[in-house]
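*Asks:* Data file coords.txt (compact mmCIF, C-alpha atoms) is appended below.
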# COMPACT_ATOMS: atom_id res chain seq x y z
CA MET A 1 29.62 17.97 -9.21
CA ILE A 2 27.39 16.86 -6.34
CA ASN A 3 25.19 19.42 -4.59
CA VAL A 4 24.12 18.22 -1.13
CA ILE A 5 20.99 20.06 -0.03
CA GLY A 6 20.62 20.27 3.75
CA LEU A 7 23.66 20.21 6.06
CA GLY A 8 22.18 18.83 9.26
CA TYR A 9 22.88 15.60 11.13
CA ILE A 10 22.68 13.53 7.91
CA GLY A 11 23.53 15.90 5.08
CA LEU A 12 26.75 17.27 6.54
CA PRO A 13 28.45 13.91 7.22
CA THR A 14 27.31 12.69 3.79
CA ALA A 15 28.75 15.75 2.04
CA LEU A 16 32.02 15.47 3.97
CA MET A 17 32.33 11.77 3.23
CA MET A 18 31.81 12.28 -0.51
CA ALA A 19 34.25 15.17 -0.66
CA SER A 20 36.92 13.31 1.30
CA HIS A 21 36.63 10.44 -1.21
CA GLY A 22 37.52 12.54 -4.21
CA MET A 23 34.18 13.94 -5.35
CA GLU A 24 33.55 17.60 -6.12
CA VAL A 25 30.96 18.59 -3.53
CA VAL A 26 29.08 21.77 -2.72
CA GLY A 27 26.98 21.73 0.44
CA THR A 28 23.94 23.98 0.47
CA ASP A 29 21.78 24.99 3.43
CA CYS A 30 19.15 27.70 3.91
CA SER A 31 20.69 28.73 7.25
CA GLU A 32 23.18 31.54 6.75
CA GLU A 33 24.42 31.05 10.32
CA LEU A 34 25.11 27.34 9.77
CA VAL A 35 26.92 27.99 6.48
CA ALA A 36 28.98 30.77 8.09
CA THR A 37 30.00 28.44 10.93
CA LEU A 38 31.17 25.78 8.48
CA ASN A 39 33.07 28.33 6.41
CA GLU A 40 34.81 29.46 9.60
CA GLY A 41 36.17 25.92 9.90
CA ARG A 42 33.86 24.72 12.69
CA THR A 43 31.40 21.84 12.68
CA THR A 44 27.87 22.40 13.93
CA PHE A 45 27.46 19.37 16.21
CA LYS A 46 29.57 16.88 18.13
CA GLU A 47 30.20 13.48 16.61
CA GLU A 48 33.05 11.00 16.90
CA GLY A 49 35.33 11.28 13.88
CA LEU A 50 33.49 14.27 12.42
CA GLU A 51 36.30 16.77 13.00
CA ASP A 52 38.81 14.62 11.13
CA LEU A 53 36.34 14.02 8.31
CA PHE A 54 35.63 17.75 8.14
CA ALA A 55 39.33 18.53 7.88
CA ALA A 56 39.78 15.98 5.08
CA ALA A 57 36.80 17.36 3.15
CA VAL A 58 37.99 20.95 3.49
CA LYS A 59 41.42 19.92 2.25
CA ALA A 60 39.73 18.21 -0.70
CA GLY A 61 37.95 21.47 -1.59
CA ILE A 62 34.39 21.15 -0.32
CA VAL A 63 32.38 24.40 -0.55
CA PHE A 64 29.53 25.54 1.73
CA THR A 65 26.93 28.03 0.53
CA THR A 66 23.27 29.03 0.72
CA ASP A 67 23.01 28.89 -3.09
CA TYR A 68 21.86 25.89 -5.11
CA GLN A 69 24.36 24.79 -7.76
CA LYS A 70 24.27 23.53 -11.31
CA ALA A 71 25.26 19.92 -10.67
CA GLU A 72 25.07 16.45 -12.17
CA THR A 73 23.69 15.00 -8.93
CA TYR A 74 21.64 16.47 -6.09
CA ILE A 75 21.44 14.80 -2.68
CA VAL A 76 18.37 16.09 -0.83
CA SER A 77 18.85 15.56 2.89
CA VAL A 78 16.34 17.82 4.62
CA PRO A 79 14.02 17.18 7.59
CA THR A 80 10.78 15.25 7.14
CA PRO A 81 8.58 15.93 10.19
CA TYR A 82 5.14 14.49 10.58
CA ASP A 83 1.81 16.18 11.17
CA ARG A 84 0.99 15.40 14.80
CA LEU A 85 -2.75 15.29 14.07
CA SER A 86 -2.92 13.28 10.85
CA LYS A 87 0.35 11.37 11.55
CA LYS A 88 1.22 11.77 7.87
CA VAL A 89 4.64 12.82 6.65
CA ASP A 90 5.05 16.55 6.07
CA PRO A 91 7.08 16.80 2.83
CA CYS A 92 7.28 20.60 2.79
CA TYR A 93 11.08 20.76 3.12
CA VAL A 94 11.64 18.12 0.43
CA VAL A 95 9.19 19.89 -1.88
CA ALA A 96 10.87 23.27 -1.34
CA ALA A 97 14.32 21.81 -1.98
CA VAL A 98 13.31 20.02 -5.17
CA LYS A 99 11.45 23.06 -6.51
CA THR A 100 14.54 25.20 -6.07
CA LEU A 101 17.04 22.73 -7.50
CA LEU A 102 14.88 22.29 -10.60
CA GLU A 103 15.46 25.97 -11.36
CA VAL A 104 19.19 25.36 -11.85
CA ALA A 105 19.53 21.64 -12.62
CA PRO A 106 21.10 20.88 -16.01
CA GLN A 107 19.54 18.40 -18.41
CA GLY A 108 20.11 14.80 -17.32
CA ALA A 109 20.72 15.61 -13.66
CA VAL A 110 19.72 13.11 -10.96
CA CYS A 111 17.81 14.15 -7.86
CA VAL A 112 18.46 11.71 -5.01
CA VAL A 113 16.14 12.07 -2.03
CA GLU A 114 17.93 10.83 1.10
CA SER A 115 15.32 12.15 3.54
CA THR A 116 13.14 9.47 5.10
CA VAL A 117 9.65 9.56 3.61
CA SER A 118 6.56 7.38 3.68
CA PRO A 119 5.80 5.05 0.76
CA ASN A 120 4.48 6.94 -2.29
CA THR A 121 5.73 10.34 -1.06
CA ILE A 122 7.97 10.80 -4.09
CA ASP A 123 5.17 9.76 -6.46
CA ARG A 124 2.65 12.05 -4.75
CA PHE A 125 4.71 15.13 -4.00
CA VAL A 126 8.04 15.11 -5.87
CA ARG A 127 7.33 13.63 -9.29
CA PRO A 128 4.53 16.17 -10.01
CA LEU A 129 7.05 18.98 -9.42
CA LEU A 130 9.14 17.73 -12.33
CA GLU A 131 6.08 17.51 -14.55
CA GLU A 132 4.83 20.98 -13.58
CA ALA A 133 8.24 22.50 -14.25
CA GLY A 134 8.63 20.65 -17.55
CA ARG A 135 11.75 18.98 -16.18
CA THR A 136 11.07 15.32 -16.91
CA ASP A 137 14.69 15.23 -18.10
CA VAL A 138 15.71 15.15 -14.42
CA ALA A 139 15.83 11.61 -13.01
CA LEU A 140 14.60 10.65 -9.55
CA ALA A 141 16.08 8.24 -7.03
CA HIS A 142 15.69 7.48 -3.35
CA ALA A 143 18.63 6.43 -1.17
CA PRO A 144 17.39 6.63 2.42
CA GLU A 145 20.01 7.41 5.04
CA ARG A 146 20.85 4.65 7.48
CA ILE A 147 23.15 6.09 10.16
CA ILE A 148 22.81 6.90 13.84
CA PRO A 149 24.23 9.77 15.90
CA GLY A 150 27.22 8.65 17.92
CA ASN A 151 28.51 6.35 15.16
CA MET A 152 27.76 8.27 11.97
CA VAL A 153 31.16 8.21 10.33
CA ALA A 154 31.68 4.47 10.83
CA GLU A 155 28.15 3.65 9.70
CA LEU A 156 28.45 5.79 6.57
CA LEU A 157 31.44 3.66 5.64
CA HIS A 158 30.17 0.23 6.63
CA ASN A 159 26.35 0.10 6.65
CA ASN A 160 24.45 -1.49 3.79
CA ARG A 161 22.52 0.96 1.61
CA THR A 162 19.41 0.91 -0.55
CA VAL A 163 18.95 2.76 -3.83
CA GLY A 164 15.55 3.00 -5.47
CA ALA A 165 15.15 4.38 -8.99
CA ASP A 166 12.67 4.38 -11.88
CA ASP A 167 15.39 3.54 -14.38
CA PRO A 168 17.80 0.69 -13.49
CA GLU A 169 20.62 2.57 -15.21
CA VAL A 170 20.00 5.59 -12.99
CA GLY A 171 20.00 3.24 -10.00
CA LYS A 172 23.39 1.88 -11.03
CA ARG A 173 24.74 5.39 -11.46
CA VAL A 174 23.60 6.41 -7.96
CA ALA A 175 24.85 3.13 -6.46
CA ALA A 176 28.28 3.76 -7.98
CA LEU A 177 28.32 7.15 -6.30
CA TYR A 178 27.75 5.62 -2.86
CA ALA A 179 30.07 2.72 -3.61
CA SER A 180 32.95 5.20 -3.83
CA PHE A 181 32.97 5.22 -0.01
CA CYS A 182 30.37 2.71 1.21
CA GLN A 183 31.87 -0.71 1.99
CA GLY A 184 28.51 -2.33 2.68
CA GLU A 185 26.15 -4.00 0.21
CA ILE A 186 24.08 -1.63 -1.94
CA ALA A 187 20.66 -3.04 -2.86
CA LEU A 188 18.96 -1.78 -6.02
CA THR A 189 15.16 -1.62 -6.15
CA ASP A 190 12.29 0.67 -7.16
CA ILE A 191 11.56 3.96 -5.40
CA ARG A 192 8.42 2.87 -3.56
CA THR A 193 10.11 -0.22 -2.13
CA ALA A 194 13.09 1.87 -1.02
CA GLU A 195 10.73 4.28 0.73
CA MET A 196 8.97 1.43 2.50
CA THR A 197 12.11 -0.39 3.62
CA LYS A 198 13.46 2.59 5.58
CA VAL A 199 10.16 3.17 7.36
CA VAL A 200 9.85 -0.56 8.10
CA GLU A 201 13.36 -0.68 9.59
CA ASN A 202 12.55 2.02 12.10
CA THR A 203 9.10 0.59 12.77
CA PHE A 204 10.62 -2.79 13.59
CA ARG A 205 12.86 -1.15 16.17
CA ALA A 206 9.98 0.88 17.63
CA VAL A 207 7.80 -2.21 18.04
CA ASN A 208 10.57 -4.15 19.77
CA ILE A 209 11.25 -1.27 22.14
CA ALA A 210 7.53 -1.05 22.91
CA PHE A 211 7.40 -4.75 23.83
CA ALA A 212 10.20 -4.25 26.36
CA ASN A 213 8.53 -1.14 27.76
CA GLU A 214 5.18 -2.86 28.17
CA LEU A 215 6.90 -5.83 29.78
CA ALA A 216 8.42 -3.45 32.34
CA LYS A 217 4.96 -2.19 33.25
CA ILE A 218 3.57 -5.72 33.53
CA CYS A 219 6.43 -6.84 35.76
CA ARG A 220 6.03 -3.78 37.95
CA VAL A 221 2.37 -4.61 38.57
CA GLY A 222 3.22 -8.27 39.10
CA GLY A 223 6.06 -7.58 41.53
CA MET A 224 8.79 -9.03 39.31
CA ASP A 225 12.23 -7.75 38.25
CA VAL A 226 11.89 -7.06 34.53
CA GLY A 227 15.68 -7.13 34.10
CA GLU A 228 15.87 -10.63 35.53
CA VAL A 229 12.92 -11.78 33.41
CA ILE A 230 14.55 -10.47 30.23
CA ARG A 231 17.97 -11.88 31.16
CA ILE A 232 16.58 -15.39 31.52
CA ALA A 233 14.20 -15.18 28.55
CA ASN A 234 17.06 -14.08 26.31
CA LYS A 235 18.87 -17.33 27.01
CA HIS A 236 16.43 -18.90 24.57
CA PRO A 237 18.22 -19.12 21.19
CA ARG A 238 15.41 -17.36 19.31
CA VAL A 239 14.58 -14.63 21.85
CA ASN A 240 16.28 -11.24 22.00
CA ILE A 241 14.24 -8.83 24.10
CA LEU A 242 15.59 -5.30 24.36
CA LYS A 243 15.94 -3.34 27.59
CA PRO A 244 13.04 -1.06 28.55
CA GLY A 245 13.65 2.64 28.88
CA PRO A 246 12.15 6.10 29.44
CA GLY A 247 10.88 6.47 25.87
CA VAL A 248 12.40 6.95 22.44
CA GLY A 249 13.96 10.00 20.85
CA GLY A 250 15.85 11.19 17.82
CA HIS A 251 14.32 12.00 14.48
CA CYS A 252 13.74 8.41 13.31
CA ILE A 253 12.14 5.95 15.72
CA PRO A 254 9.55 8.23 17.35
CA VAL A 255 8.62 9.81 14.00
CA ASP A 256 8.99 7.53 10.97
CA PRO A 257 6.65 4.70 12.10
CA TRP A 258 3.83 7.24 12.37
CA PHE A 259 4.05 7.58 8.58
CA LEU A 260 2.56 4.09 8.30
CA VAL A 261 -0.19 4.92 10.80
CA GLY A 262 -1.01 8.12 8.94
CA ASP A 263 -1.06 6.53 5.50
CA TYR A 264 -2.66 3.23 6.51
CA PRO A 265 -4.89 4.10 9.50
CA GLU A 266 -7.17 1.09 9.06
CA THR A 267 -4.40 -1.50 8.99
CA ALA A 268 -1.46 -0.19 11.04
CA ASN A 269 -3.17 -0.91 14.37
CA PHE A 270 -0.32 -2.86 15.95
CA VAL A 271 2.15 -0.13 15.01
CA ARG A 272 -0.10 2.53 16.53
CA LEU A 273 -0.31 0.68 19.86
CA ALA A 274 3.46 0.23 19.97
CA LEU A 275 4.07 3.93 19.37
CA GLN A 276 1.54 4.88 22.03
CA THR A 277 3.32 2.59 24.50
CA ASN A 278 6.67 4.25 23.80
CA ALA A 279 5.14 7.70 24.04
CA SER A 280 3.73 6.85 27.48
CA MET A 281 7.11 6.09 29.04
CA PRO A 282 8.30 9.60 30.02
CA GLU A 283 5.09 10.04 32.00
CA TYR A 284 5.56 6.56 33.47
CA VAL A 285 9.06 7.48 34.66
CA MET A 286 7.64 10.55 36.38
CA ARG A 287 5.04 8.44 38.16
CA ARG A 288 7.73 5.93 39.16
CA THR A 289 9.75 8.81 40.59
CA ARG A 290 6.82 9.93 42.72
CA GLU A 291 6.39 6.39 44.02
CA ALA A 292 10.08 6.21 44.98
CA MET A 293 9.83 9.55 46.76
CA GLU A 294 6.70 8.51 48.67
CA GLU A 295 8.35 5.25 49.74
CA ARG A 296 11.14 7.28 51.36
CA GLY A 297 9.02 10.11 52.72
CA ILE A 298 10.33 12.81 50.38
CA ALA A 299 7.76 15.44 49.44
CA ASP A 300 9.88 18.40 48.32
CA PHE A 301 9.88 18.31 44.52
CA SER A 302 12.49 21.06 44.34
CA LYS A 303 14.94 18.36 45.50
CA VAL A 304 14.48 16.45 42.21
CA GLY A 305 17.03 16.74 39.40
CA VAL A 306 17.13 15.27 35.92
CA TYR A 307 20.43 14.00 34.50
CA GLY A 308 20.57 13.77 30.70
CA LEU A 309 18.90 15.91 28.07
CA THR A 310 19.91 14.17 24.86
CA TYR A 311 17.96 11.28 23.37
CA LYS A 312 20.86 8.80 23.62
CA GLU A 313 24.21 8.46 25.33
CA ASP A 314 27.33 10.44 24.42
CA VAL A 315 25.82 12.67 21.71
CA ASP A 316 24.55 16.26 21.80
CA ASP A 317 21.34 15.53 19.86
CA ILE A 318 18.18 16.43 21.82
CA ARG A 319 15.61 15.89 19.04
CA GLU A 320 12.41 14.29 20.40
CA SER A 321 14.30 13.58 23.63
CA PRO A 322 12.38 11.59 26.28
CA THR A 323 13.71 14.10 28.79
CA LEU A 324 12.02 16.97 26.96
CA GLN A 325 8.82 14.92 26.94
CA MET A 326 9.13 14.21 30.66
CA LEU A 327 9.75 17.83 31.54
CA GLU A 328 6.42 18.62 29.93
CA SER A 329 4.85 15.93 32.09
CA MET A 330 6.51 17.42 35.17
CA LYS A 331 4.61 20.66 34.72
CA GLU A 332 1.53 18.68 35.75
CA HIS A 333 3.02 16.26 38.27
CA LEU A 334 5.25 18.73 40.08
CA CYS A 335 2.74 21.58 39.99
CA GLY A 336 5.23 23.96 38.41
CA HIS A 337 8.09 23.22 40.83
CA PRO A 338 11.39 23.77 38.97
CA VAL A 339 13.78 20.85 38.59
CA LYS A 340 17.45 21.18 37.79
CA VAL A 341 18.63 19.61 34.53
CA TYR A 342 22.20 18.75 33.60
CA ASP A 343 23.77 17.14 30.56
CA PRO A 344 27.54 17.19 30.02
CA TRP A 345 27.06 16.98 26.26
CA VAL A 346 24.74 20.00 25.97
CA ASP A 347 26.63 23.21 26.70
CA ARG A 348 23.91 25.49 25.32
CA ASP A 349 20.85 26.47 27.34
CA GLU A 350 17.93 24.40 26.07
CA VAL A 351 15.53 24.24 29.02
CA PRO A 352 14.76 26.32 32.13
CA ASN A 353 16.88 25.65 35.21
CA GLN A 354 19.60 23.93 33.19
CA VAL A 355 23.04 23.94 34.81
CA HIS A 356 26.44 23.16 33.31
CA SER A 357 28.43 21.32 35.95
CA MET A 358 27.88 18.18 38.00
CA GLU A 359 28.73 20.03 41.20
CA GLU A 360 26.08 22.69 40.63
CA PHE A 361 23.60 20.03 39.58
CA LEU A 362 23.97 17.83 42.66
CA GLU A 363 23.86 20.68 45.17
CA GLY A 364 20.69 20.41 47.25
CA LEU A 365 19.27 17.36 45.45
CA GLU A 366 17.79 14.29 47.12
CA VAL A 367 16.49 12.56 43.97
CA VAL A 368 18.19 12.19 40.58
CA ILE A 369 16.44 10.79 37.50
CA VAL A 370 19.09 9.39 35.15
CA MET A 371 17.43 9.67 31.73
CA VAL A 372 20.59 9.09 29.67
CA GLY A 373 23.42 6.64 30.28
CA HIS A 374 26.30 8.93 29.35
CA SER A 375 29.71 7.38 29.99
CA GLN A 376 30.21 10.03 32.69
CA VAL A 377 27.82 8.13 35.00
CA LYS A 378 27.16 4.71 33.46
CA GLY A 379 27.80 2.02 36.05
CA LYS A 380 28.85 4.64 38.62
CA PRO A 381 26.03 5.09 41.17
CA GLU A 382 28.54 6.38 43.69
CA ILE A 383 28.69 9.65 41.72
CA PHE A 384 25.30 10.54 43.18
CA GLY A 385 26.25 9.70 46.76
CA ASP A 386 23.33 8.75 49.02
CA ARG A 387 20.70 10.37 46.80
CA ILE A 388 17.83 8.32 45.39
CA VAL A 389 18.62 7.47 41.77
CA VAL A 390 15.71 6.64 39.46
CA ASP A 391 17.29 4.60 36.67
CA PRO A 392 14.79 3.86 33.86
CA ARG A 393 17.53 2.74 31.46
CA ASP A 394 19.12 0.34 33.96
CA VAL A 395 22.58 1.79 33.36
CA MET A 396 23.69 2.54 36.92
CA GLY A 397 24.14 -1.00 38.18
CA ALA A 398 22.98 -2.27 41.54
CA GLY A 399 22.71 0.01 44.53
CA GLU A 400 20.67 0.44 47.66
CA ASN A 401 19.33 3.79 46.44
CA VAL A 402 18.87 2.83 42.78
CA CYS A 403 15.24 2.49 41.63
CA LYS A 404 14.62 0.84 38.28
CA LEU A 405 11.47 0.66 36.16
Translate this structure into structure tokens?

*Replies:*
Amino acid sequence: MINVIGLGYIGLPTALMMASHGMEVVGTDCSEELVATLNEGRTTFKEEGLEDLFAAAVKAGIVFTTDYQKAETYIVSVPTPYDRLSKKVDPCYVVAAVKTLLEVAPQGAVCVVESTVSPNTIDRFVRPLLEEAGRTDVALAHAPERIIPGNMVAELLHNNRTVGADDPEVGKRVAALYASFCQGEIALTDIRTAEMTKVVENTFRAVNIAFANELAKICRVGGMDVGEVIRIANKHPRVNILKPGPGVGGHCIPVDPWFLVGDYPETANFVRLALQTNASMPEYVMRRTREAMEERGIADFSKVGVYGLTYKEDVDDIRESPTLQMLESMKEHLCGHPVKVYDPWVDRDEVPNQVHSMEEFLEGLEVVIVMVGHSQVKGKPEIFGDRIVVDPRDVMGAGENVCKL
């Protein structure tokens, strides 16, 4: 049996995938409400292909509970936030999960940590738990998740994976488990290297995003079109500059690279600067909006609306969303003036003055900030009529009233 601990954005698809491929799976989560929802036959977030996968897993016999199970393998997939002061990973959820599973784990069980952690986290915080509990018979492995909201099911099937383990035989055992559904290459290595590779992958992406964002600021000061600069530069065979945007969101890119800064503060200087650049973008979008309003003689901030609450297009995930960051900035820039917010993917009330239809959103607005390029509006500036559209993601296309970064 496999006991998947944590049924969030990563743990739930993983549990469903394993169950639908013939494995006996019990999914465990501390949230009674979440478990009750799953047992009622409903998923807890929107994701392409998730409903079909859920149905297949239920048919195969997957079980959802708040209780930890006696299992041969444990997949720990719980959140790993970071301390915003020290920038170090906060392993409290991983520690709590491992402590509890050790109370029921049979001899010879394998504990696989899927949660993203900084290098040495398992050595510093998880391995001592086994020693303190006298459970050195339980093996450790690290198989960091590598999927993205909006394409989770496909990426679970096709992405390459990494498995780190103390014992090569344990590594092979864990790799065989993932190979039952994963069609990508599975690399075997040690735990510390596996920890580092996941953090490095997200740091690489964060640094590249930061370069594009800083380039947008430079071009703005220099009176150049950053989109045109990037388009031409990318014609070079060894250049691939990303598009700038309003910041970064989700649980990975704005969080994981800070683990390196927290653990290696004297050497991760370049990474720190990149993360600070990305973190500055929501505020920069707000300032760009004020400039666009001043250029057109608009002073009434109650006429400003924000389209998009999620951190990326066509998902309902709002974790670390640039929009949430910008709304905090607006409290200062707009002096408390309320702004309407609308996102077709978020039907629950998450922020003040949130509305749930495009018609209600557009009523009375003169300025719209498009923070997310949902397919509802991407490439369709006409949706917003003659309103000013601030387009930090460059998803609206050309238009007389479209203002880019």

*Asks:* Just the residues within 12 Å of range 320-323 of chain A, please, counting all atoms listed in the file, with nothing from its chain fewer than 3 positions along; format it as a ChimeraX atom specification.

*Replies:* /A:81,245-255,278-286,305-313,315-317,326-330,339,341-343,350-351,369-372,392-393

*Asks:* List the spatial neighbours of range 213-216 of chain A as a count of residues only - criterion: any atom at most 7 Å away, only C-alpha atoms, same-chain residues fewer than 2 positions off excluded.

*Replies:* 12

*Asks:* Please report the interatomic distance between CA of Lys59 in chain A and CA of Cys111 in chain A in Å with one decimal.

*Replies:*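 Going from CA of Lys59 in chain A over to CA of Cys111 in chain A covers 26.3 Å.
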
*Asks:* At most 7 Å from (22.3, 17.3, 2.9), file frame, only C-alpha atoms: which residues, as a PyMOL selection string?

*Replies:* chain A and resi 4-8+10-12+14-15+27+75-78

*Asks:* Report, as JSON, the axis-aligned box around all atoms of range 246-264 of chain A present in the file, extended by 3 Å on each side; give centre and edge lengths in Å to one decimal place.

*Replies:*
{"center_x": 6.6, "center_y": 7.6, "center_z": 17.5, "size_x": 24.5, "size_y": 14.8, "size_z": 29.9}

*Asks:* Could you give me, as a Markdown table, every range 105-129 of chain A residue with an atom at most 12 Å from range 156-164 of chain A, plus its closest atom pair and distance in Å to one decimal, counting all atoms listed in the file, rows ordered by chain then number?

*Replies:*
| residue | atom | partner | partner_atom | distance |
| --- | --- | --- | --- | --- |
| A:Cys111 | CA | A:Gly164 | CA | 11.6 |
| A:Val112 | CA | A:Val163 | CA | 9.0 |
| A:Val113 | CA | A:Gly164 | CA | 9.7 |
| A:Glu114 | CA | A:Val163 | CA | 9.5 |
| A:Pro119 | CA | A:Gly164 | CA | 11.8 |
| A:Ile122 | CA | A:Gly164 | CA | 11.0 |

*Asks:* Just checking: using all atoms listed in the file, which residue out of A:Pro79, A:Gly397, A:Pro144, A:Pro13 ends up closest to Ala55 in chain A?

*Replies:*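 Among the listed residues, A:Pro13 lies closest to Ala55 in chain A.
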